[in-house]
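S.K.: Quick one, coords.txt (compact mmCIF, C-alpha atoms):
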```txt
# COMPACT_ATOMS: atom_id res chain seq x y z
CA MET N 454 -17.79 20.70 -26.58
CA THR N 455 -14.50 19.83 -24.86
CA LYS N 456 -13.33 22.42 -22.38
CA LYS N 457 -9.70 23.49 -22.56
CA ILE N 458 -7.72 23.82 -19.36
CA MET N 459 -4.15 24.98 -18.77
CA LEU N 460 -2.22 23.51 -15.84
CA ILE N 461 0.83 25.45 -14.68
CA ARG N 462 3.38 23.38 -12.81
CA LEU N 463 6.82 24.25 -14.04
CA SER N 464 9.01 22.38 -11.55
CA SER N 465 10.40 20.52 -9.63
CA LEU N 466 10.42 16.93 -10.90
CA GLY N 467 8.68 15.52 -7.83
CA ASP N 468 6.05 18.25 -7.81
CA VAL N 469 5.36 17.67 -11.49
CA ILE N 470 4.75 13.99 -10.74
CA PHE N 471 2.44 14.89 -7.86
CA ASN N 472 0.28 16.80 -10.36
CA ILE N 473 -0.22 13.83 -12.69
CA PRO N 474 -3.20 12.46 -10.71
CA LEU N 475 -4.85 15.91 -10.98
CA ALA N 476 -4.25 15.92 -14.75
CA ASN N 477 -5.87 12.49 -15.00
CA VAL N 478 -8.93 13.64 -13.07
CA LEU N 479 -9.24 16.67 -15.35
CA LYS N 480 -8.97 14.48 -18.44
CA ASN N 481 -11.45 11.91 -17.11
CA ASN N 482 -13.96 14.71 -16.55
CA GLY N 483 -13.78 15.82 -20.17
CA TYR N 484 -11.11 18.52 -20.07
CA GLU N 485 -8.37 18.85 -22.67
CA VAL N 486 -5.24 19.45 -20.61
CA THR N 487 -2.37 21.66 -21.72
CA TRP N 488 0.52 21.69 -19.25
CA LEU N 489 3.12 24.46 -18.89
CA VAL N 490 6.33 22.83 -17.66
CA SER N 491 10.03 23.63 -17.46
CA GLU N 492 13.01 21.52 -18.52
CA LYS N 493 12.94 19.55 -15.26
CA GLY N 494 9.58 17.97 -15.97
CA ILE N 495 9.17 18.02 -19.75
CA ASP N 496 10.08 14.34 -20.17
CA ILE N 497 7.35 13.41 -17.69
CA VAL N 498 4.65 15.62 -19.25
CA LYS N 499 5.33 15.37 -22.98
CA ASP N 500 3.45 12.39 -24.49
CA ASN N 501 1.86 11.65 -21.10
CA PRO N 502 -1.57 10.06 -21.72
CA ALA N 503 -3.15 12.55 -19.30
CA VAL N 504 -1.98 15.56 -21.30
CA LYS N 505 -3.09 16.83 -24.71
CA ASN N 506 -0.27 19.37 -25.13
CA ALA N 507 2.94 20.10 -23.24
CA ILE N 508 4.37 23.60 -23.57
CA LEU N 509 8.00 23.95 -22.57
CA ILE N 510 8.92 27.07 -20.61
CA PRO N 511 12.75 27.04 -20.84
CA ILE N 512 13.43 28.59 -17.43
CA LYS N 513 16.83 26.96 -17.03
CA LYS N 514 18.02 28.31 -20.36
CA TRP N 515 16.65 31.78 -19.70
CA LYS N 516 18.36 31.92 -16.30
CA LYS N 517 21.64 30.78 -17.79
CA ASP N 518 21.55 33.24 -20.70
CA GLY N 519 20.14 36.20 -18.78
CA PHE N 520 17.97 38.83 -20.40
CA SER N 521 18.37 39.07 -24.16
CA ILE N 522 16.27 40.13 -27.11
CA LYS N 523 16.31 36.53 -28.34
CA ASN N 524 14.92 35.20 -25.07
CA PHE N 525 12.31 37.95 -24.92
CA ILE N 526 11.15 37.11 -28.44
CA GLU N 527 10.92 33.45 -27.40
CA PHE N 528 8.85 34.45 -24.37
CA LEU N 529 6.46 36.44 -26.58
CA SER N 530 6.20 33.53 -29.02
CA ILE N 531 5.22 31.11 -26.25
CA LEU N 532 2.76 33.61 -24.82
CA LYS N 533 1.14 34.08 -28.25
CA ARG N 534 0.74 30.32 -28.59
CA ILE N 535 -0.90 30.16 -25.16
CA ARG N 536 -3.30 33.03 -25.82
CA ASN N 537 -4.28 31.56 -29.20
CA GLU N 538 -5.55 28.47 -27.37
CA HIS N 539 -8.34 30.54 -25.72
CA PHE N 540 -8.35 28.44 -22.57
CA ASP N 541 -11.55 28.13 -20.56
CA ILE N 542 -9.63 27.67 -17.32
CA ALA N 543 -6.06 28.14 -16.09
CA ILE N 544 -4.85 26.54 -12.84
CA ASP N 545 -1.64 27.47 -11.03
CA THR N 546 -0.37 24.77 -8.66
CA GLN N 547 3.16 26.24 -8.59
CA MET N 548 2.12 29.43 -6.75
CA MET N 549 5.30 31.44 -7.34
CA PHE N 550 6.09 34.62 -9.24
CA LYS N 551 7.32 32.67 -12.28
CA SER N 552 3.96 30.93 -12.60
CA MET N 553 1.93 34.02 -11.73
CA ILE N 554 3.25 35.83 -14.82
CA TRP N 555 1.86 33.14 -17.12
CA MET N 556 -1.43 33.07 -15.22
CA ARG N 557 -1.85 36.81 -15.47
CA LEU N 558 -1.08 36.96 -19.21
CA CYS N 559 -2.59 33.69 -20.49
CA GLY N 560 -5.99 35.10 -21.44
CA ALA N 561 -7.99 32.23 -19.89
CA LYS N 562 -11.63 32.96 -19.08
CA ARG N 563 -11.16 31.68 -15.53
CA LYS N 564 -7.89 31.81 -13.62
CA ILE N 565 -7.84 29.74 -10.44
CA CYS N 566 -5.15 29.72 -7.75
CA LEU N 567 -4.84 29.40 -3.99
CA LYS N 568 -5.60 32.26 -1.63
CA TYR N 569 -2.08 32.03 -0.30
CA GLY N 570 1.22 31.64 -2.13
CA LYS N 571 4.81 32.79 -2.33
CA GLU N 572 5.94 35.94 -4.09
CA PHE N 573 2.43 37.47 -4.40
CA SER N 574 1.45 34.59 -6.71
CA TYR N 575 -2.19 34.80 -5.58
CA LEU N 576 -2.43 37.93 -7.72
CA GLY N 577 -2.37 35.71 -10.80
CA GLY N 578 -5.84 34.35 -10.15
CA ASP N 579 -9.32 35.80 -10.43
CA GLU N 580 -10.70 32.93 -8.35
CA ARG N 581 -8.77 32.13 -5.18
CA ILE N 582 -9.53 28.98 -3.27
CA ASP N 583 -8.64 27.62 0.15
CA PRO N 584 -5.85 25.04 0.28
CA ALA N 585 -6.63 21.61 1.72
CA PRO N 586 -6.27 21.47 5.51
CA ASN N 587 -2.71 20.49 6.32
CA PRO N 588 -1.99 20.40 10.08
CA ASN N 589 1.58 19.23 10.72
CA PHE N 590 2.01 18.40 7.01
CA SER N 591 -0.62 15.66 7.29
CA THR N 592 -2.08 16.09 3.79
CA HIS N 593 -0.17 14.60 0.88
CA ALA N 594 0.81 17.01 -1.89
CA ILE N 595 -1.30 14.99 -4.35
CA PHE N 596 -4.46 15.88 -2.43
CA GLN N 597 -3.34 19.46 -1.98
CA HIS N 598 -3.36 19.74 -5.77
CA MET N 599 -6.61 17.80 -6.03
CA GLN N 600 -8.28 20.70 -4.23
CA TYR N 601 -8.59 22.41 -7.62
CA ALA N 602 -10.60 19.50 -9.02
CA LYS N 603 -12.84 19.53 -5.96
CA TYR N 604 -13.42 23.26 -6.42
CA LEU N 605 -14.53 22.56 -10.00
CA GLY N 606 -16.94 19.90 -8.72
CA LEU N 607 -15.25 17.06 -10.61
CA GLU N 608 -15.66 13.35 -10.00
CA GLY N 609 -12.88 10.94 -9.02
CA THR N 610 -10.88 13.26 -6.78
CA ASP N 611 -10.13 10.40 -4.38
CA GLU N 612 -8.50 8.36 -7.15
CA VAL N 613 -4.72 8.53 -7.46
CA LYS N 614 -3.76 7.53 -10.99
CA PHE N 615 -0.22 7.95 -12.29
CA THR N 616 0.57 7.87 -15.99
CA LEU N 617 3.92 8.23 -17.71
CA PRO N 618 4.98 8.58 -21.35
CA PRO N 619 5.49 5.27 -23.18
CA THR N 620 9.06 4.03 -23.39
CA SER N 621 10.58 4.01 -26.85
CA GLU N 622 12.46 1.08 -28.36
CA GLU N 623 15.52 3.33 -28.47
CA THR N 624 15.37 3.86 -24.71
CA LYS N 625 14.88 0.15 -24.06
CA ALA N 626 17.93 -0.62 -26.20
CA LYS N 627 20.02 1.94 -24.32
CA VAL N 628 19.00 0.50 -20.96
CA ASN N 629 19.82 -3.01 -22.17
CA ILE N 630 23.36 -1.79 -22.82
CA LEU N 631 23.61 0.03 -19.48
CA LEU N 632 22.53 -3.12 -17.65
CA LYS N 633 24.43 -5.65 -19.76
CA LYS N 634 26.65 -6.66 -16.81
CA LEU N 635 23.69 -7.15 -14.47
CA ASP N 636 23.31 -10.54 -12.79
CA LYS N 637 19.76 -11.36 -13.86
CA SER N 638 19.49 -14.35 -11.56
CA LYS N 639 18.89 -12.01 -8.63
CA PRO N 640 16.30 -9.26 -8.03
CA MET N 641 17.50 -5.83 -9.13
CA VAL N 642 17.70 -3.14 -6.46
CA VAL N 643 18.33 0.44 -7.56
CA ILE N 644 19.82 2.95 -5.11
CA CYS N 645 19.62 6.67 -5.91
CA PRO N 646 21.31 8.18 -2.84
CA ALA N 647 21.51 11.86 -3.80
CA THR N 648 19.22 14.81 -4.34
CA THR N 649 19.45 18.60 -4.53
CA TRP N 650 18.98 19.45 -0.82
CA ARG N 651 21.96 18.64 1.38
CA LEU N 652 19.72 18.01 4.42
CA LYS N 653 17.72 15.44 2.47
CA HIS N 654 20.80 13.23 2.22
CA TRP N 655 20.86 10.19 4.47
CA ASN N 656 24.24 9.51 6.12
CA LYS N 657 26.52 7.88 3.54
CA ASP N 658 27.81 5.39 6.13
CA ASN N 659 24.22 4.26 6.71
CA TRP N 660 23.90 3.62 2.97
CA LYS N 661 27.17 1.70 3.05
CA GLN N 662 25.95 -0.50 5.88
CA VAL N 663 22.73 -1.29 4.00
CA VAL N 664 24.68 -2.16 0.84
CA ASN N 665 26.99 -4.52 2.74
CA ALA N 666 24.01 -6.28 4.30
CA ILE N 667 22.03 -6.88 1.08
CA LYS N 668 24.68 -7.13 -1.65
CA ASP N 669 24.64 -10.93 -1.85
CA LYS N 670 20.85 -11.13 -2.12
CA CYS N 671 20.33 -8.82 -5.10
CA SER N 672 21.91 -7.14 -8.10
CA LEU N 673 22.70 -3.55 -7.16
CA VAL N 674 22.48 -0.61 -9.53
CA PHE N 675 23.24 3.00 -8.59
CA THR N 676 21.92 6.06 -10.41
CA GLY N 677 22.58 9.78 -10.04
CA THR N 678 24.11 12.77 -11.73
CA GLU N 679 27.72 13.19 -12.81
CA GLY N 680 28.36 14.99 -9.53
CA ASP N 681 27.19 11.98 -7.51
CA LYS N 682 29.93 9.62 -8.71
CA ASP N 683 32.17 10.07 -5.67
CA LEU N 684 29.29 9.54 -3.23
CA ILE N 685 28.19 6.39 -5.04
CA SER N 686 31.78 5.15 -5.21
CA TYR N 687 32.06 5.55 -1.43
CA ILE N 688 28.78 3.77 -0.76
CA GLY N 689 29.26 0.91 -3.18
CA GLY N 690 33.03 0.61 -3.23
CA ASP N 691 32.99 0.52 -7.05
CA ASN N 692 31.76 -3.07 -6.87
CA PHE N 693 28.38 -2.56 -8.55
CA ILE N 694 26.84 -0.95 -11.63
CA ASN N 695 27.24 2.81 -11.33
CA LEU N 696 25.14 4.74 -13.88
CA ALA N 697 25.81 8.22 -12.46
CA GLY N 698 25.74 10.78 -15.24
CA GLN N 699 24.53 8.25 -17.82
CA THR N 700 20.75 8.45 -17.49
CA GLY N 701 17.98 10.89 -18.31
CA ILE N 702 14.42 10.77 -17.02
CA LYS N 703 13.24 8.45 -19.80
CA ASP N 704 16.07 6.03 -19.02
CA LEU N 705 15.20 6.08 -15.32
CA ILE N 706 11.57 5.24 -16.04
CA GLU N 707 12.69 2.13 -17.93
CA ILE N 708 15.31 1.16 -15.33
CA PHE N 709 12.90 1.52 -12.43
CA SER N 710 10.28 -0.46 -14.34
CA ARG N 711 12.67 -3.41 -14.37
CA ALA N 712 13.56 -3.19 -10.67
CA THR N 713 12.21 -5.07 -7.69
CA LEU N 714 13.05 -2.21 -5.34
CA VAL N 715 14.16 1.41 -5.58
CA MET N 716 15.69 3.22 -2.58
CA ALA N 717 16.24 6.97 -2.41
CA PRO N 718 15.85 10.02 -0.20
CA ASP N 719 12.95 12.42 -0.77
CA SER N 720 13.90 13.04 -4.39
CA GLY N 721 12.72 13.15 -7.95
CA SER N 722 14.08 9.64 -8.46
CA ALA N 723 11.90 8.25 -5.65
CA HIS N 724 8.82 9.94 -7.12
CA VAL N 725 9.56 8.71 -10.66
CA ALA N 726 9.96 5.18 -9.29
CA ARG N 727 6.61 5.40 -7.53
CA ALA N 728 4.92 6.73 -10.67
CA THR N 729 5.98 3.66 -12.65
CA GLU N 730 3.82 1.62 -10.22
CA ILE N 731 6.11 -1.40 -10.61
CA PRO N 732 8.94 -1.59 -8.01
CA ALA N 733 8.65 -1.34 -4.28
CA VAL N 734 9.95 2.05 -3.11
CA ILE N 735 11.73 2.95 0.12
CA SER N 736 12.11 6.70 0.51
CA ILE N 737 14.18 7.94 3.44
CA PHE N 738 13.19 11.33 4.84
CA CYS N 739 15.43 13.62 6.84
CA CYS N 740 14.23 17.25 6.95
CA THR N 741 11.05 16.97 4.84
CA PRO N 742 7.65 15.48 5.80
CA PRO N 743 6.97 11.90 4.62
CA THR N 744 3.23 12.45 5.05
CA SER N 745 3.35 15.16 2.38
CA TYR N 746 5.84 13.72 -0.10
CA GLY N 747 6.23 10.02 0.58
CA PRO N 748 5.46 7.29 -1.98
CA PHE N 749 1.71 6.94 -1.87
CA GLY N 750 -0.34 3.75 -1.66
CA ASP N 751 0.13 0.13 -0.53
CA ASP N 752 1.99 0.26 2.80
CA LYS N 753 3.52 -3.16 2.11
CA LYS N 754 5.09 -1.87 -1.10
CA TYR N 755 5.73 1.83 -0.52
CA PHE N 756 7.66 3.08 2.49
CA ALA N 757 8.30 6.66 3.63
CA ILE N 758 10.53 6.56 6.70
CA ASN N 759 12.22 9.06 8.96
CA GLY N 760 13.83 8.92 12.39
CA LYS N 761 10.78 10.26 14.23
CA LEU N 762 12.89 12.89 15.94
CA LYS N 763 11.13 15.71 17.80
CA CYS N 764 12.47 18.26 15.34
CA GLN N 765 11.15 16.42 12.27
CA PRO N 766 10.02 17.64 9.89
CA CYS N 767 11.50 21.13 9.87
CA HIS N 768 11.12 21.38 6.05
CA THR N 769 14.05 23.79 5.83
CA ARG N 770 17.28 23.81 3.86
CA LYS N 771 19.26 24.93 6.92
CA CYS N 772 18.95 23.17 10.27
CA PRO N 773 17.41 25.50 12.89
CA LEU N 774 19.18 23.67 15.74
CA GLN N 775 22.65 24.33 17.14
CA GLY N 776 25.42 22.25 18.66
CA GLU N 777 25.28 18.46 18.91
CA ASP N 778 21.56 18.46 18.12
CA ALA N 779 22.11 20.05 14.71
CA GLU N 780 21.49 17.99 11.57
CA GLN N 781 20.83 14.77 13.48
CA CYS N 782 17.96 13.90 11.12
CA VAL N 783 20.41 12.75 8.42
CA ASN N 784 21.58 9.91 10.69
CA TYR N 785 18.14 8.31 11.07
CA PRO N 786 16.44 5.92 10.64
CA ARG N 787 19.09 3.44 11.65
CA PRO N 788 20.35 1.13 8.88
CA GLU N 789 18.94 -1.95 10.61
CA GLU N 790 15.40 -0.70 10.09
CA ILE N 791 15.94 -0.28 6.36
CA ILE N 792 17.74 -3.63 6.07
CA ASN N 793 14.77 -5.43 7.64
CA ILE N 794 12.35 -3.84 5.17
CA VAL N 795 14.61 -4.69 2.22
CA ASN N 796 14.92 -8.30 3.34
CA ASN N 797 11.13 -8.64 3.55
CA ILE N 798 10.70 -7.15 0.08
CA LEU N 799 13.35 -9.38 -1.49
CA GLN N 800 11.99 -12.47 0.21
CA ASN N 801 8.57 -11.90 -1.35
CA SER N 802 9.70 -10.54 -4.69
CA GLN N 803 9.05 -11.76 -8.18
CA HIS N 804 11.72 -10.00 -10.18
CA SER N 805 12.32 -9.40 -13.85
CA VAL N 806 14.71 -7.30 -15.90
```
Re-express the file's structure as structure tokens.
M.R.:
Amino acid sequence: MTKKIMLIRLSSLGDVIFNIPLANVLKNNGYEVTWLVSEKGIDIVKDNPAVKNAILIPIKKWKKDGFSIKNFIEFLSILKRIRNEHFDIAIDTQMMFKSMIWMRLCGAKRKICLKYGKEFSYLGGDERIDPAPNPNFSTHAIFQHMQYAKYLGLEGTDEVKFTLPPTSEETKAKVNILLKKLDKSKPMVVICPATTWRLKHWNKDNWKQVVNAIKDKCSLVFTGTEGDKDLISYIGGDNFINLAGQTGIKDLIEIFSRATLVMAPDSGSAHVARATEIPAVISIFCCTPPTSYGPFGDDKKYFAINGKLKCQPCHTRKCPLQGEDAEQCVNYPRPEEIINIVNNILQNSQHSV
């Protein structure tokens, strides 16, 4: 009889992607995986081959609306659906108060979490396990999450397998329109320069220098949110395809799948690009640890680079240094280092759009 397991990873986009290999190991060992996920990751989880059911927890909507009878009734409806599944096991890889609530109330026979977590989240579990050793952020987040599979004695915990939902014909048609002005005679390079943390942003003049050095060797496409338009305009000078505010996650999956190279900071875009397993990925790290969150795998295809400063990684949203030493991580690595890597990738590329 198939065992039913509930995986709780609500957000963020990158962390949802880092849980896909765990979901695949669970599935390959005979578990039927139901995944609780918020709006940020639903397009990655829903219809993913690793997942039987995706249950949307509309955290963004609830935060926006505030407490209301309608939202409380929706919460109870979702909880009823979860409890009616009679899960054998529930796993919390989020380890925050918002995930602990679902763990505590889900009704699973076994509830597994880490011994340590934010916001008393360890109280959600009946079985509390040790996290993977992680001196100086040396263990990738993928293998941190795989600790749950090891605890369950499952096979294949060394295998990193990404899966994504299939792309619809509608999405392909939309992307064809978005890229209709693309010069298809050159390899496509996608630059996604922005993310949610300010200290994750590489210096915009560094990006500009890279663009000026490679623009004649490739077809450049920029992606981002509506709020990133000015940044992208500065970097690219309005001379290239700017899709800021025009793409959702499903569109990005298709766009990245057509690219030779994707460049981004430590961001959801970089992790989505890696999960497609098609383009080369250069991810530039400022305050966060590349060993924990960098694109994983072939070191000739996937690059996680920082400036190797003494203060890196601080893994904080606010620089702990003062004076002229403050926030220096955003200026490194130097553009020349990235340009050399890009040139090597383009020289050896076989591109298609």
S.K.: So that I can check the surroundings of Asp496 of chain N, please list as a PyMOL selection string every protein, DNA and RNA residue that reaches within 12 Å of it, counting all atoms listed in the file and ignoring chain neighbours fewer than 5 positions away.
M.R.: chain N and resi 464+466+469-470+490-491+501+507-509+617-620+701-706+725
S.K.: When you draw a straight line from atom CA of Lys625 of chain N to atom CA of Thr700 of chain N, how long is it in Å?
M.R.: 12.1 Å
S.K.: To one decimal place in Å, what is the distance between atom CA of Asp669 of chain N and atom CA of Pro718 of chain N?
M.R.: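 Atom-to-atom, atom CA of Asp669 of chain N to atom CA of Pro718 of chain N, that is 22.8 Å.
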S.K.: Mind giving me the straight-line distance from atom CA of Asp658 of chain N to atom CA of Tyr687 of chain N in Å, one decimal?
M.R.: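 Pair atom CA of Asp658 of chain N / atom CA of Tyr687 of chain N returns 8.7 Å.
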S.K.: From the options N:Phe675, N:Trp660, N:Phe550, N:Phe738, which residue's atoms come nearest to Ile688 of chain N, counting all atoms listed in the file?
M.R.: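 Among N:Phe675, N:Trp660, N:Phe550, N:Phe738, it is N:Trp660 that comes nearest to Ile688 of chain N.
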S.K.: Which residues are near Arg770 of chain N? Cut-off 9 Å, only C-alpha atoms, ignore same chain within fewer than 3 positions. Put them as a PyMOL selection string.
M.R.: chain N and resi 650-653+740+767
S.K.: Quick one: everything within 10 Å of Lys670 of chain N, counting all atoms listed in the file, minus sequence neighbours fewer than 5 positions away in the same chain. Send it as a list of chain:residue names.
M.R.: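 That gives N:Lys639, N:Pro640, N:Met641, N:Val642, N:Val795, N:Asn796, N:Leu799, N:Gln800.
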